[in-house]
$ cat structure-v9.cif   # mmCIF, C-alpha atoms
data_target
loop_
_atom_site.group_PDB
_atom_site.id
_atom_site.type_symbol
_atom_site.label_atom_id
_atom_site.label_comp_id
_atom_site.auth_asym_id
_atom_site.auth_seq_id
_atom_site.Cartn_x
_atom_site.Cartn_y
_atom_site.Cartn_z
ATOM 1 C CA MET A 12 -10.656 22.361 -9.971
ATOM 2 C CA LYS A 13 -11.985 24.125 -13.038
ATOM 3 C CA ARG A 14 -12.162 27.931 -13.257
ATOM 4 C CA ARG A 15 -15.959 27.835 -13.297
ATOM 5 C CA GLU A 16 -16.015 25.932 -9.995
ATOM 6 C CA ILE A 17 -13.506 28.342 -8.441
ATOM 7 C CA LEU A 18 -15.647 31.277 -9.555
ATOM 8 C CA LYS A 19 -18.728 29.685 -7.958
ATOM 9 C CA VAL A 20 -16.893 29.271 -4.662
ATOM 10 C CA VAL A 21 -15.636 32.863 -4.679
ATOM 11 C CA ILE A 22 -19.076 34.306 -5.490
ATOM 12 C CA PHE A 23 -20.777 32.162 -2.859
ATOM 13 C CA TYR A 24 -18.186 33.198 -0.268
ATOM 14 C CA ILE A 25 -18.678 36.888 -1.008
ATOM 15 C CA VAL A 26 -22.482 36.608 -0.884
ATOM 16 C CA THR A 27 -22.313 34.661 2.400
ATOM 17 C CA PHE A 28 -19.967 37.185 3.994
ATOM 18 C CA ALA A 29 -22.145 40.079 2.859
ATOM 19 C CA ALA A 30 -25.333 38.433 4.167
ATOM 20 C CA MET A 31 -23.821 37.822 7.607
ATOM 21 C CA ALA A 32 -22.405 41.333 7.777
ATOM 22 C CA VAL A 33 -25.830 42.804 6.915
ATOM 23 C CA LEU A 34 -27.511 40.641 9.577
ATOM 24 C CA MET A 35 -25.054 41.754 12.251
ATOM 25 C CA TRP A 36 -25.345 45.404 11.264
ATOM 26 C CA SER A 37 -29.169 45.233 11.285
ATOM 27 C CA VAL A 38 -29.348 43.752 14.796
ATOM 28 C CA PHE A 39 -26.833 46.179 16.297
ATOM 29 C CA GLU A 40 -28.401 49.151 14.486
ATOM 30 C CA LYS A 41 -31.873 48.393 15.804
ATOM 31 C CA PHE A 42 -31.129 47.122 19.309
ATOM 32 C CA GLY A 43 -27.673 48.550 19.971
ATOM 33 C CA TYR A 44 -24.522 46.673 20.872
ATOM 34 C CA SER A 45 -24.393 44.698 24.124
ATOM 35 C CA ASP A 46 -23.133 41.355 25.328
ATOM 36 C CA ARG A 47 -26.689 39.981 25.178
ATOM 37 C CA ASN A 48 -27.268 41.213 21.618
ATOM 38 C CA PHE A 49 -23.877 39.907 20.540
ATOM 39 C CA LEU A 50 -24.782 36.442 21.916
ATOM 40 C CA ILE A 51 -28.120 36.556 20.063
ATOM 41 C CA VAL A 52 -26.348 37.390 16.785
ATOM 42 C CA VAL A 53 -23.867 34.556 17.302
ATOM 43 C CA ILE A 54 -26.706 32.083 17.953
ATOM 44 C CA MET A 55 -28.516 33.306 14.806
ATOM 45 C CA LEU A 56 -25.398 33.067 12.674
ATOM 46 C CA LEU A 57 -24.329 29.603 13.883
ATOM 47 C CA PRO A 58 -26.905 27.525 11.933
ATOM 48 C CA LEU A 59 -26.479 29.820 8.909
ATOM 49 C CA SER A 60 -22.705 29.353 9.071
ATOM 50 C CA LEU A 61 -23.104 25.567 9.212
ATOM 51 C CA LEU A 62 -25.486 25.629 6.253
ATOM 52 C CA PHE A 63 -23.268 27.941 4.214
ATOM 53 C CA GLY A 64 -20.191 25.885 5.125
ATOM 54 C CA TYR A 65 -21.904 22.694 3.967
ATOM 55 C CA ILE A 66 -22.985 24.258 0.667
ATOM 56 C CA LEU A 67 -19.545 25.791 0.137
ATOM 57 C CA SER A 68 -17.834 22.443 0.785
ATOM 58 C CA LYS A 69 -20.245 20.674 -1.556
ATOM 59 C CA ILE A 70 -19.540 23.153 -4.359
ATOM 60 C CA ALA A 71 -15.787 22.901 -3.830
ATOM 61 C CA LEU A 72 -15.471 19.139 -3.336
ATOM 62 C CA GLU A 73 -18.216 17.663 -5.505
ATOM 63 C CA PRO A 74 -16.047 17.641 -8.682
ATOM 64 C CA LEU A 75 -13.356 15.763 -6.757
ATOM 65 C CA PHE A 76 -15.873 13.177 -5.526
ATOM 66 C CA VAL A 77 -17.222 12.715 -9.061
ATOM 67 C CA THR A 78 -13.706 12.278 -10.490
ATOM 68 C CA ASN A 79 -12.757 9.849 -7.720
ATOM 69 C CA ASP A 80 -15.912 7.801 -8.325
ATOM 70 C CA LEU A 81 -15.223 7.645 -12.076
ATOM 71 C CA LEU A 82 -11.614 6.551 -11.490
ATOM 72 C CA ASP A 83 -12.762 3.920 -9.010
ATOM 73 C CA ARG A 84 -15.274 2.469 -11.470
ATOM 74 C CA LEU A 85 -12.724 2.596 -14.294
ATOM 75 C CA LEU A 86 -10.173 0.718 -12.196
ATOM 76 C CA LYS A 87 -12.648 -1.992 -11.203
ATOM 77 C CA ASP A 88 -13.958 -2.407 -14.760
ATOM 78 C CA THR A 89 -10.417 -2.558 -16.168
ATOM 79 C CA LEU A 90 -9.405 -5.060 -13.504
ATOM 80 C CA HIS A 91 -12.361 -7.268 -14.382
ATOM 81 C CA GLU A 92 -11.641 -7.144 -18.107
ATOM 82 C CA LEU A 93 -7.911 -7.794 -17.593
ATOM 83 C CA ASN A 94 -8.618 -11.296 -16.366
ATOM 84 C CA ILE A 95 -10.017 -12.387 -19.766
ATOM 85 C CA PRO A 96 -6.900 -11.760 -21.941
ATOM 86 C CA LEU A 97 -4.669 -13.215 -19.211
ATOM 87 C CA SER A 98 -6.673 -16.431 -19.190
ATOM 88 C CA THR A 99 -6.450 -16.542 -23.008
ATOM 89 C CA ILE A 100 -2.650 -16.116 -22.929
ATOM 90 C CA PHE A 101 -2.184 -18.880 -20.352
ATOM 91 C CA ALA A 102 -4.444 -21.288 -22.229
ATOM 92 C CA ASN A 103 -2.762 -20.722 -25.607
ATOM 93 C CA VAL A 104 0.794 -20.831 -24.257
ATOM 94 C CA SER A 105 -0.015 -24.104 -22.525
ATOM 95 C CA MET A 106 -1.317 -25.619 -25.777
ATOM 96 C CA LEU A 107 1.680 -24.363 -27.777
ATOM 97 C CA LYS A 108 4.168 -25.735 -25.245
ATOM 98 C CA ARG A 109 2.478 -29.117 -25.330
ATOM 99 C CA ASP A 110 2.986 -29.464 -29.098
ATOM 100 C CA GLU A 111 6.372 -27.726 -29.366
ATOM 101 C CA LYS A 112 9.566 -29.803 -29.450
ATOM 102 C CA GLU A 113 12.221 -27.241 -30.378
ATOM 103 C CA LYS A 114 14.064 -25.999 -27.287
ATOM 104 C CA LYS A 115 14.581 -22.457 -28.561
ATOM 105 C CA ARG A 116 10.871 -21.950 -29.190
ATOM 106 C CA LEU A 117 10.022 -23.535 -25.860
ATOM 107 C CA ARG A 118 12.244 -21.008 -24.073
ATOM 108 C CA ARG A 119 10.442 -18.185 -25.883
ATOM 109 C CA LEU A 120 7.074 -19.580 -24.828
ATOM 110 C CA GLU A 121 8.319 -19.850 -21.248
ATOM 111 C CA ARG A 122 9.317 -16.163 -21.334
ATOM 112 C CA VAL A 123 5.836 -15.279 -22.582
ATOM 113 C CA GLN A 124 4.317 -17.370 -19.812
ATOM 114 C CA LYS A 125 6.557 -15.716 -17.199
ATOM 115 C CA ALA A 126 5.542 -12.253 -18.403
ATOM 116 C CA ALA A 127 1.881 -13.282 -18.204
ATOM 117 C CA GLU A 128 2.448 -14.568 -14.651
ATOM 118 C CA ASN A 129 3.939 -11.191 -13.687
ATOM 119 C CA LEU A 130 0.864 -9.455 -15.119
ATOM 120 C CA SER A 131 -1.347 -11.891 -13.250
ATOM 121 C CA GLU A 132 0.435 -11.025 -10.012
ATOM 122 C CA LEU A 133 -0.114 -7.313 -10.643
ATOM 123 C CA TYR A 134 -3.779 -8.123 -11.260
ATOM 124 C CA GLU A 135 -3.947 -9.934 -7.917
ATOM 125 C CA ASP A 136 -2.235 -6.991 -6.183
ATOM 126 C CA LEU A 137 -4.780 -4.520 -7.559
ATOM 127 C CA ASP A 138 -7.651 -6.829 -6.644
ATOM 128 C CA TYR A 139 -6.229 -7.218 -3.128
ATOM 129 C CA PHE A 140 -5.799 -3.481 -2.516
ATOM 130 C CA ILE A 141 -9.331 -2.733 -3.756
ATOM 131 C CA LYS A 142 -10.778 -5.378 -1.428
ATOM 132 C CA LYS A 143 -8.651 -4.067 1.416
ATOM 133 C CA GLU A 144 -9.934 -0.515 0.879
ATOM 134 C CA ILE A 145 -13.549 -1.682 1.222
ATOM 135 C CA GLY A 146 -12.681 -3.951 4.151
ATOM 136 C CA SER A 147 -13.475 -7.318 2.557
ATOM 137 C CA VAL A 148 -10.101 -9.060 2.999
ATOM 138 C CA GLU A 149 -10.535 -12.203 5.115
ATOM 139 C CA ARG A 150 -7.973 -14.051 7.190
ATOM 140 C CA GLU A 151 -7.165 -17.673 6.415
ATOM 141 C CA ARG A 152 -5.007 -20.455 7.806
ATOM 142 C CA PHE A 153 -1.921 -21.224 5.706
ATOM 143 C CA ASP A 154 1.635 -22.480 5.940
ATOM 144 C CA LEU A 155 3.967 -19.510 6.267
ATOM 145 C CA SER A 156 6.793 -21.537 4.719
ATOM 146 C CA ASP A 157 4.818 -21.678 1.435
ATOM 147 C CA VAL A 158 4.724 -17.876 1.391
ATOM 148 C CA VAL A 159 8.460 -17.654 2.072
ATOM 149 C CA LYS A 160 9.278 -20.283 -0.590
ATOM 150 C CA LYS A 161 7.272 -18.384 -3.195
ATOM 151 C CA SER A 162 9.073 -15.164 -2.324
ATOM 152 C CA VAL A 163 12.489 -16.885 -2.410
ATOM 153 C CA GLN A 164 11.761 -18.315 -5.875
ATOM 154 C CA LYS A 165 10.937 -14.842 -7.199
ATOM 155 C CA MET A 166 13.984 -13.228 -5.622
ATOM 156 C CA GLU A 167 16.421 -15.893 -6.823
ATOM 157 C CA GLU A 168 15.801 -14.726 -10.398
ATOM 158 C CA LEU A 169 16.831 -11.178 -9.416
ATOM 159 C CA ALA A 170 19.560 -11.954 -6.892
ATOM 160 C CA LYS A 171 22.459 -11.764 -9.414
ATOM 161 C CA GLY A 172 25.148 -13.562 -7.438
ATOM 162 C CA ILE A 173 23.628 -13.083 -3.995
ATOM 163 C CA SER A 174 22.997 -16.433 -2.287
ATOM 164 C CA ILE A 175 19.631 -16.941 -0.576
ATOM 165 C CA GLN A 176 19.648 -19.629 2.125
ATOM 166 C CA TYR A 177 16.344 -20.977 3.399
ATOM 167 C CA GLU A 178 15.383 -24.228 5.071
ATOM 168 C CA PRO A 179 11.558 -24.627 5.001
ATOM 169 C CA VAL A 180 9.860 -25.275 8.343
ATOM 170 C CA LYS A 181 6.103 -25.759 8.517
ATOM 171 C CA PHE A 182 4.537 -22.968 10.542
ATOM 172 C CA TYR A 183 0.800 -22.338 10.233
ATOM 173 C CA VAL A 184 -0.633 -18.855 10.731
ATOM 174 C CA ASN A 185 -4.104 -17.344 10.628
ATOM 175 C CA ALA A 186 -3.758 -14.079 8.713
ATOM 176 C CA ASP A 187 -4.329 -12.122 5.527
ATOM 177 C CA ARG A 188 -2.352 -14.330 3.135
ATOM 178 C CA ARG A 189 -1.912 -11.777 0.345
ATOM 179 C CA GLY A 190 -0.805 -9.115 2.826
ATOM 180 C CA CYS A 191 1.655 -11.580 4.341
ATOM 181 C CA GLN A 192 3.046 -12.372 0.892
ATOM 182 C CA LYS A 193 3.546 -8.668 0.182
ATOM 183 C CA ALA A 194 5.303 -8.167 3.524
ATOM 184 C CA VAL A 195 7.716 -11.093 3.009
ATOM 185 C CA ASP A 196 8.327 -10.069 -0.621
ATOM 186 C CA ASN A 197 9.327 -6.578 0.476
ATOM 187 C CA LEU A 198 11.631 -7.797 3.238
ATOM 188 C CA LEU A 199 13.393 -10.153 0.835
ATOM 189 C CA SER A 200 13.510 -7.559 -1.934
ATOM 190 C CA ASN A 201 15.243 -5.061 0.364
ATOM 191 C CA ALA A 202 17.659 -7.736 1.615
ATOM 192 C CA VAL A 203 18.698 -8.376 -2.001
ATOM 193 C CA LYS A 204 18.575 -4.769 -3.235
ATOM 194 C CA TYR A 205 20.764 -3.359 -0.443
ATOM 195 C CA ASN A 206 23.195 -6.276 -0.324
ATOM 196 C CA ARG A 207 26.742 -6.299 -1.650
ATOM 197 C CA PRO A 208 28.118 -8.284 -4.635
ATOM 198 C CA GLY A 209 28.576 -11.907 -3.632
ATOM 199 C CA GLY A 210 26.626 -11.320 -0.419
ATOM 200 C CA SER A 211 24.081 -13.552 1.248
ATOM 201 C CA VAL A 212 20.557 -13.591 2.661
ATOM 202 C CA GLU A 213 19.495 -16.034 5.367
ATOM 203 C CA ILE A 214 15.856 -16.786 6.160
ATOM 204 C CA PHE A 215 14.892 -19.024 9.078
ATOM 205 C CA PHE A 216 12.389 -19.571 11.896
ATOM 206 C CA GLU A 217 13.376 -19.140 15.520
ATOM 207 C CA ASP A 218 10.790 -19.756 18.287
ATOM 208 C CA GLY A 219 7.911 -18.308 16.270
ATOM 209 C CA TRP A 220 10.001 -15.482 14.778
ATOM 210 C CA LEU A 221 10.586 -15.219 11.044
ATOM 211 C CA VAL A 222 14.139 -13.929 10.628
ATOM 212 C CA VAL A 223 15.512 -12.279 7.462
ATOM 213 C CA LYS A 224 19.241 -11.588 7.776
ATOM 214 C CA ASP A 225 21.421 -10.033 5.086
ATOM 215 C CA SER A 226 25.094 -9.123 4.678
ATOM 216 C CA GLY A 227 24.288 -5.772 3.067
ATOM 217 C CA VAL A 228 25.195 -2.141 3.569
ATOM 218 C CA GLY A 229 23.256 -1.776 6.823
ATOM 219 C CA MET A 230 21.607 1.357 8.221
ATOM 220 C CA ASP A 231 22.574 4.176 10.549
ATOM 221 C CA GLU A 232 20.390 5.430 13.428
ATOM 222 C CA THR A 233 18.785 8.198 11.364
ATOM 223 C CA THR A 234 17.643 5.730 8.716
ATOM 224 C CA LEU A 235 16.353 3.300 11.359
ATOM 225 C CA PHE A 236 14.274 6.106 12.862
ATOM 226 C CA HIS A 237 12.483 6.781 9.545
ATOM 227 C CA ILE A 238 12.582 3.310 8.027
ATOM 228 C CA PHE A 239 8.825 2.663 8.213
ATOM 229 C CA ASP A 240 7.781 6.129 6.995
ATOM 230 C CA ARG A 241 5.847 6.013 3.745
ATOM 231 C CA TYR A 242 7.947 7.187 0.737
ATOM 232 C CA TYR A 243 11.129 7.438 2.832
ATOM 233 C CA GLN A 244 14.308 6.447 0.971
ATOM 234 C CA SER A 245 17.776 6.728 2.483
ATOM 235 C CA ASP A 246 19.275 6.340 -0.995
ATOM 236 C CA LEU A 247 17.369 8.401 -3.553
ATOM 237 C CA SER A 248 19.262 6.785 -6.417
ATOM 238 C CA ALA A 249 17.854 3.348 -5.553
ATOM 239 C CA SER A 250 14.878 1.973 -7.451
ATOM 240 C CA GLY A 251 11.428 1.936 -5.840
ATOM 241 C CA TYR A 252 9.200 4.448 -4.078
ATOM 242 C CA GLY A 253 10.016 3.938 -0.416
ATOM 243 C CA ILE A 254 6.763 2.146 0.461
ATOM 244 C CA GLY A 255 7.982 -1.443 0.898
ATOM 245 C CA LEU A 256 8.746 -1.352 4.619
ATOM 246 C CA HIS A 257 5.655 0.772 5.226
ATOM 247 C CA ILE A 258 3.633 -2.126 3.766
ATOM 248 C CA VAL A 259 5.472 -4.526 6.107
ATOM 249 C CA LYS A 260 4.733 -2.317 9.147
ATOM 250 C CA THR A 261 1.066 -1.907 8.203
ATOM 251 C CA PHE A 262 0.586 -5.673 7.854
ATOM 252 C CA CYS A 263 2.297 -6.322 11.201
ATOM 253 C CA ASP A 264 0.280 -3.625 12.994
ATOM 254 C CA GLU A 265 -2.990 -5.041 11.647
ATOM 255 C CA HIS A 266 -2.118 -8.517 12.953
ATOM 256 C CA GLY A 267 -0.353 -7.597 16.200
ATOM 257 C CA ILE A 268 2.989 -8.923 14.931
ATOM 258 C CA GLU A 269 6.039 -7.536 16.736
ATOM 259 C CA ILE A 270 8.967 -6.322 14.612
ATOM 260 C CA LYS A 271 12.601 -6.119 15.727
ATOM 261 C CA ILE A 272 15.457 -4.670 13.656
ATOM 262 C CA GLU A 273 19.184 -5.003 14.171
ATOM 263 C CA SER A 274 21.408 -3.114 11.750
ATOM 264 C CA LYS A 275 24.914 -1.688 11.540
ATOM 265 C CA VAL A 276 26.474 0.236 8.696
ATOM 266 C CA GLU A 277 28.568 -2.086 6.507
ATOM 267 C CA LYS A 278 27.592 -5.034 8.730
ATOM 268 C CA GLY A 279 24.140 -5.912 7.403
ATOM 269 C CA THR A 280 20.563 -5.913 8.675
ATOM 270 C CA THR A 281 18.360 -8.443 10.458
ATOM 271 C CA PHE A 282 14.560 -8.225 10.552
ATOM 272 C CA ARG A 283 12.584 -10.356 13.004
ATOM 273 C CA LEU A 284 8.800 -10.767 12.776
ATOM 274 C CA ASN A 285 7.036 -12.521 15.645
ATOM 275 C CA PHE A 286 4.314 -14.731 14.127
ATOM 276 C CA ALA A 287 3.798 -16.634 17.394
ATOM 277 C CA SER A 288 0.715 -14.536 18.214
ATOM 278 C CA VAL A 289 -1.062 -15.575 14.996
ATOM 279 C CA GLY A 290 0.339 -19.067 14.348
ATOM 280 C CA GLU A 291 1.845 -22.294 15.557
ATOM 281 C CA ARG A 292 4.539 -24.729 14.475
ATOM 282 C CA ASP A 293 3.251 -27.950 12.919
#

$ encode --input "structure-v9.cif" --output "structure tokens"
Amino acid sequence: MKRREILKVVIFYIVTFAAMAVLMWSVFEKFGYSDRNFLIVVIMLLPLSLLFGYILSKIALEPLFVTNDLLDRLLKDTLHELNIPLSTIFANVSMLKRDEKEKKRLRRLERVQKAAENLSELYEDLDYFIKKEIGSVERERFDLSDVVKKSVQKMEELAKGISIQYEPVKFYVNADRRGCQKAVDNLLSNAVKYNRPGGSVEIFFEDGWLVVKDSGVGMDETTLFHIFDRYYQSDLSASGYGIGLHIVKTFCDEHGIEIKIESKVEKGTTFRLNFASVGERD
């Protein structure tokens, strides 16, 4: 808050306090102090206090509301404009790849395309979170195995020696698809990030439960107690911001999906998500 706004709040507070003090003094001076007169003063001051409180809050918070509105509009405008250069990149890379024969140049074009796909995914994430904030995210019917396969493909590029085992099984759910993708991505990301060199991650379906099992470092009871807290990180040296499992928990709570966790230090961790309440096996 700027100094001018702070000064306005201070001056208004002093004037309000002085006005109320004068009103109380005037009533007690003229009619004397009694329980009845005290009650009358309180009743007189109540609407004035509400009015002054409203005005004081407006003076103090209006700059914040204005700034928030400007940032919101800037984000939406930027998000809209971002789609145009992304579409241009995809179109031109596609044309260049079609005419290119040299393998080295093709690999470079594929790297450019992959970077553009990553940007596109960030665009979709921003678009999703904006829609979620205003409550316009709709549920749809989709094959959960497609979501898991997409997540596995992304993680395999980052696994670095960690084997990811997954046997697709068609299982249709009615849910927020983007939210589901984010939840599965975060579960798989953690299973890879907190694994050990040469370790493994298993993903499978079991009676309506999606199971993600890793051979990683595991968690103690203290960590398990705080695991879904926003910004909580048991290892502060690890990358990330500690919001991944909070995203998973939020998605599950919104859809009534039960979560079970089994973990032991140096033995690995198993997450189970019960999609039976929102889906069915094909």

$ closest_residue --input "structure-v9.cif" --among "A:Leu198, A:His266, A:Val289, A:Asp110" --to "Asp154 (chain A)" --atoms "only C-alpha atoms"
A:Val289

$ residues_around --input "structure-v9.cif" --residues "region 136-149 of chain A" --least-positions-apart "3" --cutoff "7 Å" --atoms "all atoms listed in the file" --output "CSV table (one decimal) with C-alpha atoms, in the coordinates of the input"
chain,number,residue,atom,x,y,z
A,132,GLU,CA,0.4,-11.0,-10.0
A,133,LEU,CA,-0.1,-7.3,-10.6
A,187,ASP,CA,-4.3,-12.1,5.5

$ atom_distance --input "structure-v9.cif" --atom1 "CA of Asp218 (chain A)" --atom2 "CA of Glu269 (chain A)"
13.2 Å

$ closest_residue --input "structure-v9.cif" --among "A:Thr281, A:Ser174, A:Ser37, A:Gln192" --to "Trp220 (chain A)" --atoms "only C-alpha atoms"
A:Thr281

$ closest_residue --input "structure-v9.cif" --among "A:Val203, A:Val222, A:Val195, A:Leu284" --to "Ala170 (chain A)" --atoms "all atoms listed in the file"
A:Val203

$ residues_around --input "structure-v9.cif" --residues "Thr261 (chain A)" --least-positions-apart "2" --cutoff "12 Å" --atoms "only C-alpha atoms" --output "count of residues only"
22

$ resolve_selection --input "structure-v9.cif" --expression "the PyMOL selection byres ((chain A and resi 223) around 9)" --output "list in words"
Leu198, Leu199, Ala202, Val212, Glu213, Ile214, Phe215, Leu221, Val222, Lys224, Asp225, Thr280, Thr281, Phe282, Arg283 and Leu284 of chain A

$ resolve_selection --input "structure-v9.cif" --expression "the PyMOL selection byres ((chain A and resi 235) around 12)" --output "number ranges by chain"
A: 229-234, 236-240, 243-245, 256, 271-276, 280-282

$ closest_residue --input "structure-v9.cif" --among "A:Glu121, A:Glu73, A:Glu178, A:Asp196" --to "Ile100 (chain A)" --atoms "only C-alpha atoms"
A:Glu121

$ decode --input "structure-v9.cif" --residues "region 220-287 of chain A" --atoms "C-alpha atoms" --output "PDB file, in the first residue's frame"
ATOM      1  CA  TRP A 220      -8.212 -48.425  -7.674  1.00  0.00           C
ATOM      2  CA  LEU A 221      -5.397 -46.737  -9.568  1.00  0.00           C
ATOM      3  CA  VAL A 222      -2.180 -47.846  -7.872  1.00  0.00           C
ATOM      4  CA  VAL A 223       1.183 -46.048  -8.169  1.00  0.00           C
ATOM      5  CA  LYS A 224       3.948 -48.003  -6.432  1.00  0.00           C
ATOM      6  CA  ASP A 225       7.601 -46.985  -6.290  1.00  0.00           C
ATOM      7  CA  SER A 226      10.820 -48.408  -4.841  1.00  0.00           C
ATOM      8  CA  GLY A 227      11.958 -45.023  -3.529  1.00  0.00           C
ATOM      9  CA  VAL A 228      13.136 -43.547  -0.259  1.00  0.00           C
ATOM     10  CA  GLY A 229       9.740 -43.791   1.443  1.00  0.00           C
ATOM     11  CA  MET A 230       8.329 -41.547   4.174  1.00  0.00           C
ATOM     12  CA  ASP A 231       8.239 -41.531   7.954  1.00  0.00           C
ATOM     13  CA  GLU A 232       5.090 -40.885  10.026  1.00  0.00           C
ATOM     14  CA  THR A 233       5.777 -37.160  10.409  1.00  0.00           C
ATOM     15  CA  THR A 234       6.011 -36.692   6.649  1.00  0.00           C
ATOM     16  CA  LEU A 235       2.862 -38.765   6.070  1.00  0.00           C
ATOM     17  CA  PHE A 236       0.989 -36.521   8.501  1.00  0.00           C
ATOM     18  CA  HIS A 237       1.848 -33.365   6.510  1.00  0.00           C
ATOM     19  CA  ILE A 238       2.092 -34.833   3.025  1.00  0.00           C
ATOM     20  CA  PHE A 239      -0.993 -33.084   1.615  1.00  0.00           C
ATOM     21  CA  ASP A 240      -0.254 -29.682   3.185  1.00  0.00           C
ATOM     22  CA  ARG A 241       0.280 -26.968   0.604  1.00  0.00           C
ATOM     23  CA  TYR A 242       3.986 -25.981   0.247  1.00  0.00           C
ATOM     24  CA  TYR A 243       5.138 -28.778   2.578  1.00  0.00           C
ATOM     25  CA  GLN A 244       8.463 -30.364   1.591  1.00  0.00           C
ATOM     26  CA  SER A 245      10.198 -33.021   3.672  1.00  0.00           C
ATOM     27  CA  ASP A 246      13.396 -32.415   1.697  1.00  0.00           C
ATOM     28  CA  LEU A 247      14.005 -28.704   1.169  1.00  0.00           C
ATOM     29  CA  SER A 248      16.846 -29.410  -1.245  1.00  0.00           C
ATOM     30  CA  ALA A 249      14.487 -31.150  -3.683  1.00  0.00           C
ATOM     31  CA  SER A 250      13.120 -29.278  -6.680  1.00  0.00           C
ATOM     32  CA  GLY A 251       9.516 -28.047  -6.688  1.00  0.00           C
ATOM     33  CA  TYR A 252       7.306 -26.027  -4.361  1.00  0.00           C
ATOM     34  CA  GLY A 253       5.536 -28.671  -2.308  1.00  0.00           C
ATOM     35  CA  ILE A 254       2.146 -28.286  -4.018  1.00  0.00           C
ATOM     36  CA  GLY A 255       1.995 -31.478  -6.102  1.00  0.00           C
ATOM     37  CA  LEU A 256       0.283 -33.744  -3.578  1.00  0.00           C
ATOM     38  CA  HIS A 257      -1.947 -30.873  -2.477  1.00  0.00           C
ATOM     39  CA  ILE A 258      -3.207 -30.743  -6.085  1.00  0.00           C
ATOM     40  CA  VAL A 259      -3.808 -34.518  -5.960  1.00  0.00           C
ATOM     41  CA  LYS A 260      -5.758 -34.220  -2.677  1.00  0.00           C
ATOM     42  CA  THR A 261      -7.841 -31.296  -3.953  1.00  0.00           C
ATOM     43  CA  PHE A 262      -8.823 -33.190  -7.113  1.00  0.00           C
ATOM     44  CA  CYS A 263      -9.755 -36.297  -5.106  1.00  0.00           C
ATOM     45  CA  ASP A 264     -11.785 -34.304  -2.565  1.00  0.00           C
ATOM     46  CA  GLU A 265     -13.725 -32.559  -5.339  1.00  0.00           C
ATOM     47  CA  HIS A 266     -14.651 -35.909  -6.912  1.00  0.00           C
ATOM     48  CA  GLY A 267     -15.132 -38.017  -3.777  1.00  0.00           C
ATOM     49  CA  ILE A 268     -12.125 -40.208  -4.611  1.00  0.00           C
ATOM     50  CA  GLU A 269     -10.641 -42.070  -1.642  1.00  0.00           C
ATOM     51  CA  ILE A 270      -6.851 -41.996  -1.206  1.00  0.00           C
ATOM     52  CA  LYS A 271      -4.763 -44.601   0.622  1.00  0.00           C
ATOM     53  CA  ILE A 272      -1.008 -44.364   1.246  1.00  0.00           C
ATOM     54  CA  GLU A 273       1.403 -47.060   2.336  1.00  0.00           C
ATOM     55  CA  SER A 274       4.997 -45.993   2.903  1.00  0.00           C
ATOM     56  CA  LYS A 275       8.083 -47.093   4.812  1.00  0.00           C
ATOM     57  CA  VAL A 276      11.447 -45.397   4.967  1.00  0.00           C
ATOM     58  CA  GLU A 277      13.864 -47.002   2.486  1.00  0.00           C
ATOM     59  CA  LYS A 278      11.097 -49.377   1.353  1.00  0.00           C
ATOM     60  CA  GLY A 279       9.126 -47.197  -1.058  1.00  0.00           C
ATOM     61  CA  THR A 280       5.646 -45.696  -1.279  1.00  0.00           C
ATOM     62  CA  THR A 281       2.321 -46.856  -2.705  1.00  0.00           C
ATOM     63  CA  PHE A 282      -0.548 -44.494  -3.534  1.00  0.00           C
ATOM     64  CA  ARG A 283      -4.029 -45.875  -4.196  1.00  0.00           C
ATOM     65  CA  LEU A 284      -6.826 -43.755  -5.686  1.00  0.00           C
ATOM     66  CA  ASN A 285     -10.322 -45.236  -5.755  1.00  0.00           C
ATOM     67  CA  PHE A 286     -11.920 -44.228  -9.075  1.00  0.00           C
ATOM     68  CA  ALA A 287     -14.757 -46.748  -8.671  1.00  0.00           C
TER      69      ALA A 287
END
